[in-house]
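Only one structure is covered here, and it is reproduced in the block below.
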Amino acid sequence: MIAGVRFPLRVVGLAVAAGLAVLAAGLWALGYDPVTAFGAMARGAFGSWHGFASTTLVRAVPLIILGFGFALAFRGGALNIGMEGQFLAGAIAATWVGLLLAGWPGVVAVPAVWLAGLLAGALWVVIPVILKVRFGVLEVITTLLLNFVAESLVSYMVTGPLQEAKRVYPQSDLIGAAARLPLLPGTRLHLGFLLAVLLCVAGYVVFTRTLWGFRLKAVGQGPRAAWLSGRIASGTLLGGALLLSGAIAGLGGAVEIGGVTYALFQNLSPGYGFTAIAVALLGRGHPLGIILTGILFGALQAGAGAMQREAGIPAVAVAVVQAVVIVVVLLADAAARRRQAATVYPDPAPGEA
Amino acid sequence: MDEAMVAGFLAATVRVGTPLLLAALGETLAERGGVINLGIEGSMLAGALGGALGATAGGLWLGTGAAVAAGLLLAAVFVVVAIGCRADQIITGTAVTLGAVGLTGLVYRRAYGPAGAGLSLPTFEPLAVPGASGLPLVGEALFAQPVLTYLAWAAVPVTWWLLFRTRWGLALRAVGEAPEAARAAGVRVRRVQAGATLLGGALAGLAGGALVLAQVGTFAENMTAGRGFIAIAIVVLGRWHPVWVLAAALLFGGATALQFLFQAMGLPVPYQWIHMIPYAMALIALAGGMGRARAPAALGR
């Protein structure tokens, strides 16, 4: 336990085991063979170094980045369920800038693409922030609704302004080579993985070693007490955390464009924004835990792809695992709260306190 | 714009508004008891698939029953975790919806083969009220609708009666405003909340069934596309009152039906922009609605 961020491995193990067990039961009930399915999953996720680096770790990058974004807002008590939309907004802006700066050197183009993603992600969460701070509207519903707007916007962009020059398929042209992220030789693992890890390390320092991190935690744990203390502007702080969370999600979209797809198309995200919630909750909001759980869910998604190819089981089935993981973590939390409530604190001895 | 066009738009408004109305009425019940259930999106999706499977196996009414059962089942998961174990309602609801996406995808492909094959299901025929259905403009919209639409309308006064004219409704509203006081007065708080949430889930399932069996006539993965979340915005705009919820649901039905009207008028607006209208409207509704009406005091806790 370090400065209030715990990372209990037992809950993680239990949650993942429960998730896989439920999936196995479901597959079995539907007449699929769970053993074949899980075998394909394991091979797809961990079968070879190339597969691990090029699929599992590549899938983990957006999950780690978005998971950290969720954890950041969650620490202040805000639920950013709209990361899917912010991710797409970031991807749109990154594609646009990446196409625009095709002839520029990489040292300019790559940061510009990232910046575009950050700004677009933040922009996508501005309305929920205003509604929350000014009118007290639940950010959960507003960010959720904007996910669907972002999906429609992507669909419009890839059939309209950003459609490829040939105008055949609903997708953009590939962004310039300069705007693409360097790859680890021999794999498809890109620089974004390093960025995701550094982001989490930086987040860890901010959470545990800065005044802002302390205030954020104070607001998250007791908004009223934080407000009454008179030293924390809760609304501003929470609004800022949500904006930052949105910006990080947008960065995730930019990194996906710059490192993996090089182009914008519909269904760019297989629900990264929602998987990231499971990643953050399972990582207990601990930035270093999020790296681990991000890789774990990356493996799950990579495995799901292999399961679909080899065993003909739709990859969307892993959403069941994610749902069960979230529920188990919630139940573990609820049980811990009950234990805590049941603890009787001894009265201070006379003369003490 | 001629009369037939307007009549068609009004009829589409009511048709599209029906699932929204059913889901929003269900969520009204839950929220009056202080429970915010984001899992109704999942209940609706499960209801849609249940409706499709039931209708394939044994006709429209079996489909309707299966839709209700599927919605109820997912609401039961939510009730156990969020009410029984007092886990965070919002995250639980998100997880239930996420699980529903995975489960329906899995079952759908198992039942109907790989995606892509268009599924064609029977649908409820419009039931015309003799005489009245011939009225100009509103005849088709009000008096020539599938039976599930009439059922949804009937649910409005029933919900109202449940909330404001029964002991259970009084207890539910007390729980939503001041759970501690209600408990002190002898109300079984969690039991009342569970009942309202389950009823809400059943209505959301029925909403999914109506979407498939009275509107679209097919199932597609993730076909509810956030209608459950829009229903939550409708509840806010409808001030947690069944009659206003009816009005709000029709407003959103109209916003969605605009695309048919725009198409009929031949306006050169990209369809993606029209798709955004209901979601954008929901945002505006939330901003405006929150200021004036007051949510149940214990909502979400």
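As shown in the structure tokens, the chain order sets the letters A, B, ...; within each chain, residues go from 1, and ligands are also counted from 1 in the order they appear.
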Return as CSV the residues of chain A lying at most 6 Å from chain B, together with the closest atom-to-atom pair for each and the distance in Å to one decimal, counting only C-alpha atoms, with rows in chain order and ascending residue number.
```
residue,atom,partner,partner_atom,distance
A:Leu145,CA,B:Tyr279,CA,5.7
A:Val149,CA,B:Met276,CA,5.3
A:Ser152,CA,B:Gln272,CA,5.2
A:Tyr156,CA,B:Gln272,CA,5.7
A:Val316,CA,B:Gly102,CA,5.2
A:Ala317,CA,B:Gly102,CA,4.5
A:Ala319,CA,B:Gly102,CA,4.7
A:Val320,CA,B:Gly99,CA,4.5
A:Ala323,CA,B:Ala95,CA,4.6
A:Leu330,CA,B:Ala87,CA,5.7
A:Ala334,CA,B:Ala87,CA,5.7
```
Please save C-alpha atoms of the selected residues as a PDB file, in the first residue's frame.
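Saved result, result02.pdb, follows:
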```pdb
ATOM      1  CA  LEU A 145     -24.782  10.382 -25.527  1.00  0.00           C
ATOM      2  CA  VAL A 149     -22.657  11.636 -31.963  1.00  0.00           C
ATOM      3  CA  SER A 152     -22.067   9.480 -36.651  1.00  0.00           C
ATOM      4  CA  TYR A 156     -19.835  11.383 -42.023  1.00  0.00           C
ATOM      5  CA  VAL A 316     -17.639  -9.804 -29.176  1.00  0.00           C
ATOM      6  CA  ALA A 317     -18.085 -12.591 -26.615  1.00  0.00           C
ATOM      7  CA  ALA A 319     -17.467  -8.309 -23.579  1.00  0.00           C
ATOM      8  CA  VAL A 320     -19.015 -10.897 -21.254  1.00  0.00           C
ATOM      9  CA  ALA A 323     -18.707  -7.285 -17.648  1.00  0.00           C
ATOM     10  CA  LEU A 330     -17.588  -4.035  -7.502  1.00  0.00           C
ATOM     11  CA  ALA A 334     -18.779  -3.678  -1.483  1.00  0.00           C
TER      12      ALA A 334
END
```
*Sel. of strand (DSSP E or B) residues, segment 96-302 of chain A, as number ranges by chain*: A: 171, 183, 190, 265
Write the residues of the selection above to a file with C-alpha atoms, as a PDB file, in the first residue's frame.
```
ATOM      1  CA  GLN A 171     -12.280   5.347 -45.207  1.00  0.00           C
ATOM      2  CA  LEU A 183       7.940   0.435 -34.920  1.00  0.00           C
ATOM      3  CA  HIS A 190       4.870   1.099 -32.029  1.00  0.00           C
ATOM      4  CA  PHE A 265     -12.657   4.253 -40.884  1.00  0.00           C
TER       5      PHE A 265
END
```
I'd like the neighbourhood of Phe124 of chain B as a short mmCIF file (atom, residue, chain, number, x, y, z; two decimals) with N, CA and C atoms, in the first residue's frame, where a residue qualifies if any of its atoms comes within 10 Å (using only C-alpha atoms), though same-chain residues fewer than 4 positions away should be ignored.
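Done, and the output landed in around-v3.cif:
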```cif
data_model
loop_
_atom_site.label_atom_id
_atom_site.label_comp_id
_atom_site.auth_asym_id
_atom_site.auth_seq_id
_atom_site.Cartn_x
_atom_site.Cartn_y
_atom_site.Cartn_z
N LEU B 60 -45.53 -13.98 -32.77
CA LEU B 60 -45.31 -12.64 -32.24
C LEU B 60 -45.50 -12.55 -30.73
N TRP B 61 -46.52 -13.24 -30.21
CA TRP B 61 -46.78 -13.08 -28.78
C TRP B 61 -45.76 -13.81 -27.94
N GLN B 145 -52.10 1.88 -35.31
CA GLN B 145 -50.78 1.50 -34.80
C GLN B 145 -50.76 0.03 -34.41
N PRO B 146 -49.57 -0.56 -34.34
CA PRO B 146 -49.48 -1.93 -33.85
C PRO B 146 -49.95 -2.01 -32.39
N VAL B 147 -50.36 -3.19 -32.00
CA VAL B 147 -50.97 -3.35 -30.67
C VAL B 147 -50.02 -2.93 -29.55
N LEU B 148 -48.70 -3.11 -29.76
CA LEU B 148 -47.75 -2.75 -28.70
C LEU B 148 -47.75 -1.24 -28.42
N ALA B 210 -40.65 -4.36 -28.84
CA ALA B 210 -41.42 -3.48 -29.72
C ALA B 210 -40.55 -2.97 -30.86
N VAL B 212 -38.16 -4.50 -32.34
CA VAL B 212 -37.98 -5.54 -33.35
C VAL B 212 -39.30 -5.93 -34.00
N LEU B 213 -40.34 -6.14 -33.17
CA LEU B 213 -41.56 -6.77 -33.67
C LEU B 213 -42.62 -5.78 -34.15
N ALA B 214 -42.45 -4.49 -33.82
CA ALA B 214 -43.45 -3.53 -34.26
C ALA B 214 -42.83 -2.39 -35.05
N GLN B 215 -41.50 -2.41 -35.22
CA GLN B 215 -40.89 -1.28 -35.92
C GLN B 215 -39.94 -1.73 -37.03
N GLY B 217 -38.50 -5.13 -37.63
CA GLY B 217 -38.72 -6.42 -38.28
C GLY B 217 -37.47 -7.23 -38.50
#
```
For Leu21 of chain B, the closest of B:Trp153, B:Tyr112, B:Phe260, B:Phe164 counting only C-alpha atoms is B:Trp153
Notebook entry, point to check: Which polymer residues have any atom within 8 Å of an atom of Thr187 of chain A, counting only C-alpha atoms, with same-chain residues fewer than 2 positions away left out, as a PyMOL selection string?
Noted result: chain A and resi 50+53-54+183-185+189
Generate the output file for the selected residues, C-alpha atoms, as a PDB file, in the first residue's frame.
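Below is the file part.pdb, written as the result:
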```pdb
ATOM      1  CA  HIS A  50       5.914 -11.779 -32.479  1.00  0.00           C
ATOM      2  CA  ALA A  53       4.278  -7.892 -29.250  1.00  0.00           C
ATOM      3  CA  SER A  54       2.313  -7.303 -32.435  1.00  0.00           C
ATOM      4  CA  LEU A 183       7.940   0.435 -34.920  1.00  0.00           C
ATOM      5  CA  LEU A 184       9.995  -1.938 -32.822  1.00  0.00           C
ATOM      6  CA  PRO A 185      12.052  -3.830 -35.443  1.00  0.00           C
ATOM      7  CA  LEU A 189       4.646  -2.683 -31.743  1.00  0.00           C
TER       8      LEU A 189
END
```
Restricting to only C-alpha atoms, whichever of A:Ala122, A:Ala178, A:Val279, A:Ile290 is closest to Val107 of chain A is A:Ala178
* Assign secondary structure with DSSP using the backbone only, and return the residues of segment 56-98 of chain B in alpha helix (DSSP H) as a ChimeraX atom specification. => /B:56-58,60-78,89-98
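Considering only C-alpha atoms, the residue among A:Ala42, A:Leu66, A:Ala306, A:Ala233 positioned nearest to Ala280 of chain A is A:Leu66.
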For Gly300 of chain B: contacts at 6 Å, only C-alpha atoms, fewer than 4 positions along chain excluded, given as a ChimeraX atom specification: /B:34-36
Pairwise distance, atom CA of Val197 of chain A with atom CA of Leu118 of chain A, equals 17.0 Å
Report task. Using only C-alpha atoms, determine which residues lie at most 10 Å from Gly65 of chain B, disregarding the query and same-chain residues fewer than 6 positions distant; provide the list as a PyMOL selection string. Result -> chain B and resi 47+50-51+54-55+202+205-206+209
Excluding segment 251-256 of chain B and any residue of its chain fewer than 5 positions from it, enumerate the residues within 6 Å of it, using only C-alpha atoms, and give them as a VMD selection string.
chain B and resid 13 16 to 17 278
